[in-house]
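Q: The structure is given below, and queries will be raised subsequently.
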Amino acid sequence: MAELIRAKEPFKFCTRLHLSELTGLRASTLGQLLALIKTISGSCIYHHTHRFLQQHQYLSPEPPNDFAFWVTDILGEDELGERLVSIDTIQYSTIRDLRERIASTLESYLNENPLAKLKFAKSGEEFHFIKSVSFILPTNYIAYDLNEFAEILKKITIDSIYFHIFEARLRLEKPTNDFSYWIENSLGDKKIANKISSFDPYTCTLEDLRSKILRIVEGKLVS
């Protein structure tokens, strides 16, 4: 068994409460959608790109992009929908960068297909912008070494896992997920940190994420 290293700073597990709030903003055309995407709050961008993970955390991953769904199913712009779906969310470390990519994808398509500007959604089928409101709460769980981390990871809620893997990185603009950051900087184990940060969390359910991280950590503990 590997010798346990005590962390320079303990890992303090947090959890989150989430609310979805209507903004009153809506779009009937691609032009309106683009204009609003450029100006709405980052919490709206986050909601419409992470809604599936937040609301259906036990189900199959590959979260649908709300923008892609609307332009495909309501406006019938299949090619644009495919372009929006193909945006790889994990490549973007900030909401600002993700917003810019979505906006640039829409702009390019409208420049190439000017007639698409003339399509209107029917009454009642407009795109309604919703923002994600999160409340971050501390838990009683604190880990001082990798063994304690693994034992706590088995017990915490998927809301806690969601916060430390997704929300802390993207909304709080951290360089990586909280688990990898702590393991590298407080335990000095860059190899394990890189293993955790290298897989795509958007292709796993949250319970699968828990299992994957546990396998990596427990593999280190018994090596």
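The way I read the labels, and the way they are meant: chains A, B, ... in the order of the structure tokens, residue 1 as the first residue of every chain, and ligand 1 as the first ligand shown, with later ones counted on from there.
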Applying 12 Å and only C-alpha atoms, which residues near Leu146 of chain A remain after dropping the ones on its own chain fewer than 4 positions away? List them as a PyMOL selection string.

A: chain A and resi 2-7+10-11+142+150-153+179-180+182-184+186-189+192-193+213-214+216-222

Q: Could you pull the residues within 9 Å of Leu19 of chain A, counting only C-alpha atoms, minus those fewer than 3 positions along the same chain, as a PDB file with all heavy atoms, in the first residue's frame?

A:
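The resulting file, result-v1.pdb, is shown below:
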```pdb
ATOM      1  N   LYS A 131     -32.153  31.343 -16.412  1.00  0.00           N
ATOM      2  CA  LYS A 131     -30.833  31.385 -15.791  1.00  0.00           C
ATOM      3  C   LYS A 131     -30.754  30.403 -14.627  1.00  0.00           C
ATOM      4  O   LYS A 131     -31.752  30.084 -13.985  1.00  0.00           O
ATOM      5  CB  LYS A 131     -30.478  32.795 -15.314  1.00  0.00           C
ATOM      6  CG  LYS A 131     -31.301  33.352 -14.174  1.00  0.00           C
ATOM      7  CD  LYS A 131     -30.803  34.758 -13.822  1.00  0.00           C
ATOM      8  CE  LYS A 131     -31.593  35.370 -12.672  1.00  0.00           C
ATOM      9  NZ  LYS A 131     -31.107  36.720 -12.329  1.00  0.00           N
ATOM     10  N   SER A 132     -29.550  29.927 -14.412  1.00  0.00           N
ATOM     11  CA  SER A 132     -29.292  28.969 -13.344  1.00  0.00           C
ATOM     12  C   SER A 132     -28.815  29.723 -12.104  1.00  0.00           C
ATOM     13  O   SER A 132     -27.849  30.483 -12.161  1.00  0.00           O
ATOM     14  CB  SER A 132     -28.218  27.972 -13.794  1.00  0.00           C
ATOM     15  OG  SER A 132     -27.883  27.086 -12.763  1.00  0.00           O
ATOM     16  N   VAL A 133     -29.496  29.508 -11.001  1.00  0.00           N
ATOM     17  CA  VAL A 133     -29.119  30.146  -9.732  1.00  0.00           C
ATOM     18  C   VAL A 133     -28.667  29.051  -8.777  1.00  0.00           C
ATOM     19  O   VAL A 133     -29.420  28.119  -8.488  1.00  0.00           O
ATOM     20  CB  VAL A 133     -30.304  30.915  -9.118  1.00  0.00           C
ATOM     21  CG1 VAL A 133     -29.873  31.596  -7.823  1.00  0.00           C
ATOM     22  CG2 VAL A 133     -30.845  31.942 -10.113  1.00  0.00           C
ATOM     23  N   SER A 134     -27.431  29.146  -8.314  1.00  0.00           N
ATOM     24  CA  SER A 134     -26.883  28.124  -7.427  1.00  0.00           C
ATOM     25  C   SER A 134     -26.553  28.707  -6.062  1.00  0.00           C
ATOM     26  O   SER A 134     -26.104  29.853  -5.944  1.00  0.00           O
ATOM     27  CB  SER A 134     -25.608  27.512  -8.025  1.00  0.00           C
ATOM     28  OG  SER A 134     -25.895  26.749  -9.157  1.00  0.00           O
ATOM     29  N   PHE A 135     -26.761  27.897  -5.047  1.00  0.00           N
ATOM     30  CA  PHE A 135     -26.383  28.243  -3.684  1.00  0.00           C
ATOM     31  C   PHE A 135     -25.379  27.197  -3.219  1.00  0.00           C
ATOM     32  O   PHE A 135     -25.705  26.013  -3.122  1.00  0.00           O
ATOM     33  CB  PHE A 135     -27.614  28.255  -2.772  1.00  0.00           C
ATOM     34  CG  PHE A 135     -28.691  29.204  -3.222  1.00  0.00           C
ATOM     35  CD1 PHE A 135     -29.710  28.771  -4.077  1.00  0.00           C
ATOM     36  CD2 PHE A 135     -28.682  30.529  -2.821  1.00  0.00           C
ATOM     37  CE1 PHE A 135     -30.697  29.645  -4.503  1.00  0.00           C
ATOM     38  CE2 PHE A 135     -29.666  31.408  -3.251  1.00  0.00           C
ATOM     39  CZ  PHE A 135     -30.674  30.969  -4.089  1.00  0.00           C
TER      40      PHE A 135
END
```

Q: Taking the chain letters and numbering used in this document, name the residues of segment 25-55 of chain A that DSSP puts in helix (DSSP H, G or I), as a list in words.

A: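 For segment 25-55 of chain A, the helix (DSSP H, G or I) set is Leu30, Gly31, Gln32, Leu33, Leu34, Ala35, Leu36, Ile37, Lys38, Thr39, Gly42, Ser43, Cys44, Ile45, Tyr46, His47, His48, Thr49, His50, Arg51, Phe52, Leu53, Gln54 and Gln55 of chain A.
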
Q: I need the strand (DSSP E or B) residues of segment 2-210 of chain A per DSSP on the backbone, written as number ranges by chain.

A: A: 11-27, 127-143

Q: Might you pull out every residue within 12 Å of Tyr109 of chain A, with only C-alpha atoms counted and same-chain residues fewer than 4 positions away left off, and present them as a VMD selection string?

A: chain A and resid 30 to 31 34 71 77 to 84 102 to 105 113 to 117

Q: So that I can check the surroundings of Asn65 of chain A, please list as a PDB file with N, CA and C atoms, in the first residue's frame every protein, DNA and RNA residue that reaches within 12 Å of it, counting only C-alpha atoms and ignoring chain neighbours fewer than 4 positions away.

A:
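Result file is selection18.pdb:
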```
ATOM      1  N   ILE A  45     -26.266  31.140 -20.125  1.00  0.00           N
ATOM      2  CA  ILE A  45     -25.480  30.257 -20.985  1.00  0.00           C
ATOM      3  C   ILE A  45     -25.246  28.932 -20.277  1.00  0.00           C
ATOM      4  N   TYR A  46     -24.911  29.016 -19.005  1.00  0.00           N
ATOM      5  CA  TYR A  46     -24.646  27.813 -18.224  1.00  0.00           C
ATOM      6  C   TYR A  46     -25.888  26.926 -18.161  1.00  0.00           C
ATOM      7  N   HIS A  47     -27.026  27.523 -17.899  1.00  0.00           N
ATOM      8  CA  HIS A  47     -28.259  26.739 -17.798  1.00  0.00           C
ATOM      9  C   HIS A  47     -28.559  26.004 -19.095  1.00  0.00           C
ATOM     10  N   HIS A  48     -28.465  26.694 -20.213  1.00  0.00           N
ATOM     11  CA  HIS A  48     -28.890  26.106 -21.484  1.00  0.00           C
ATOM     12  C   HIS A  48     -27.860  25.142 -22.073  1.00  0.00           C
ATOM     13  N   THR A  49     -26.669  25.071 -21.479  1.00  0.00           N
ATOM     14  CA  THR A  49     -25.679  24.086 -21.924  1.00  0.00           C
ATOM     15  C   THR A  49     -25.476  22.977 -20.896  1.00  0.00           C
ATOM     16  N   HIS A  50     -26.038  23.138 -19.683  1.00  0.00           N
ATOM     17  CA  HIS A  50     -25.845  22.129 -18.627  1.00  0.00           C
ATOM     18  C   HIS A  50     -27.161  21.673 -18.002  1.00  0.00           C
ATOM     19  N   ARG A  51     -28.270  22.071 -18.581  1.00  0.00           N
ATOM     20  CA  ARG A  51     -29.569  21.750 -17.993  1.00  0.00           C
ATOM     21  C   ARG A  51     -29.765  20.254 -17.799  1.00  0.00           C
ATOM     22  N   PHE A  52     -29.371  19.467 -18.790  1.00  0.00           N
ATOM     23  CA  PHE A  52     -29.596  18.025 -18.709  1.00  0.00           C
ATOM     24  C   PHE A  52     -28.851  17.420 -17.519  1.00  0.00           C
ATOM     25  N   LEU A  53     -27.610  17.823 -17.348  1.00  0.00           N
ATOM     26  CA  LEU A  53     -26.827  17.291 -16.230  1.00  0.00           C
ATOM     27  C   LEU A  53     -27.421  17.698 -14.893  1.00  0.00           C
ATOM     28  N   PRO A  61     -25.782  10.343 -20.228  1.00  0.00           N
ATOM     29  CA  PRO A  61     -25.191  11.678 -20.421  1.00  0.00           C
ATOM     30  C   PRO A  61     -25.365  12.210 -21.829  1.00  0.00           C
ATOM     31  N   PHE A  69     -31.286  22.331 -29.928  1.00  0.00           N
ATOM     32  CA  PHE A  69     -32.620  21.725 -29.980  1.00  0.00           C
ATOM     33  C   PHE A  69     -33.629  22.697 -30.595  1.00  0.00           C
ATOM     34  N   TRP A  70     -33.556  23.954 -30.187  1.00  0.00           N
ATOM     35  CA  TRP A  70     -34.547  24.929 -30.648  1.00  0.00           C
ATOM     36  C   TRP A  70     -34.380  25.233 -32.130  1.00  0.00           C
ATOM     37  N   VAL A  71     -33.155  25.480 -32.572  1.00  0.00           N
ATOM     38  CA  VAL A  71     -32.969  25.836 -33.980  1.00  0.00           C
ATOM     39  C   VAL A  71     -33.296  24.655 -34.893  1.00  0.00           C
ATOM     40  N   THR A  72     -33.130  23.438 -34.392  1.00  0.00           N
ATOM     41  CA  THR A  72     -33.439  22.256 -35.198  1.00  0.00           C
ATOM     42  C   THR A  72     -34.930  21.944 -35.200  1.00  0.00           C
ATOM     43  N   LEU A  80     -27.398  23.988 -38.738  1.00  0.00           N
ATOM     44  CA  LEU A  80     -26.981  24.830 -37.619  1.00  0.00           C
ATOM     45  C   LEU A  80     -27.067  24.046 -36.311  1.00  0.00           C
ATOM     46  N   GLY A  81     -28.143  23.262 -36.166  1.00  0.00           N
ATOM     47  CA  GLY A  81     -28.272  22.448 -34.965  1.00  0.00           C
ATOM     48  C   GLY A  81     -27.094  21.514 -34.793  1.00  0.00           C
ATOM     49  N   GLU A  82     -26.656  20.900 -35.894  1.00  0.00           N
ATOM     50  CA  GLU A  82     -25.506  20.002 -35.834  1.00  0.00           C
ATOM     51  C   GLU A  82     -24.234  20.748 -35.448  1.00  0.00           C
ATOM     52  N   ARG A  83     -24.087  21.957 -35.955  1.00  0.00           N
ATOM     53  CA  ARG A  83     -22.898  22.747 -35.600  1.00  0.00           C
ATOM     54  C   ARG A  83     -22.896  23.093 -34.108  1.00  0.00           C
ATOM     55  N   LEU A  84     -24.064  23.418 -33.588  1.00  0.00           N
ATOM     56  CA  LEU A  84     -24.145  23.768 -32.168  1.00  0.00           C
ATOM     57  C   LEU A  84     -23.938  22.548 -31.275  1.00  0.00           C
ATOM     58  N   VAL A  85     -24.478  21.415 -31.701  1.00  0.00           N
ATOM     59  CA  VAL A  85     -24.288  20.178 -30.932  1.00  0.00           C
ATOM     60  C   VAL A  85     -22.818  19.778 -30.900  1.00  0.00           C
ATOM     61  N   SER A  86     -22.104  20.052 -31.967  1.00  0.00           N
ATOM     62  CA  SER A  86     -20.703  19.620 -32.071  1.00  0.00           C
ATOM     63  C   SER A  86     -19.748  20.454 -31.220  1.00  0.00           C
ATOM     64  N   ILE A  87     -20.227  21.542 -30.641  1.00  0.00           N
ATOM     65  CA  ILE A  87     -19.357  22.346 -29.776  1.00  0.00           C
ATOM     66  C   ILE A  87     -18.975  21.511 -28.554  1.00  0.00           C
ATOM     67  N   ASP A  88     -17.697  21.294 -28.369  1.00  0.00           N
ATOM     68  CA  ASP A  88     -17.198  20.447 -27.284  1.00  0.00           C
ATOM     69  C   ASP A  88     -17.047  21.290 -26.014  1.00  0.00           C
ATOM     70  N   THR A  89     -18.024  21.182 -25.140  1.00  0.00           N
ATOM     71  CA  THR A  89     -18.077  22.032 -23.950  1.00  0.00           C
ATOM     72  C   THR A  89     -16.832  21.920 -23.097  1.00  0.00           C
ATOM     73  N   ILE A 102     -20.445  29.835 -29.178  1.00  0.00           N
ATOM     74  CA  ILE A 102     -21.836  29.674 -29.612  1.00  0.00           C
ATOM     75  C   ILE A 102     -22.245  30.839 -30.515  1.00  0.00           C
TER      76      ILE A 102
END
```
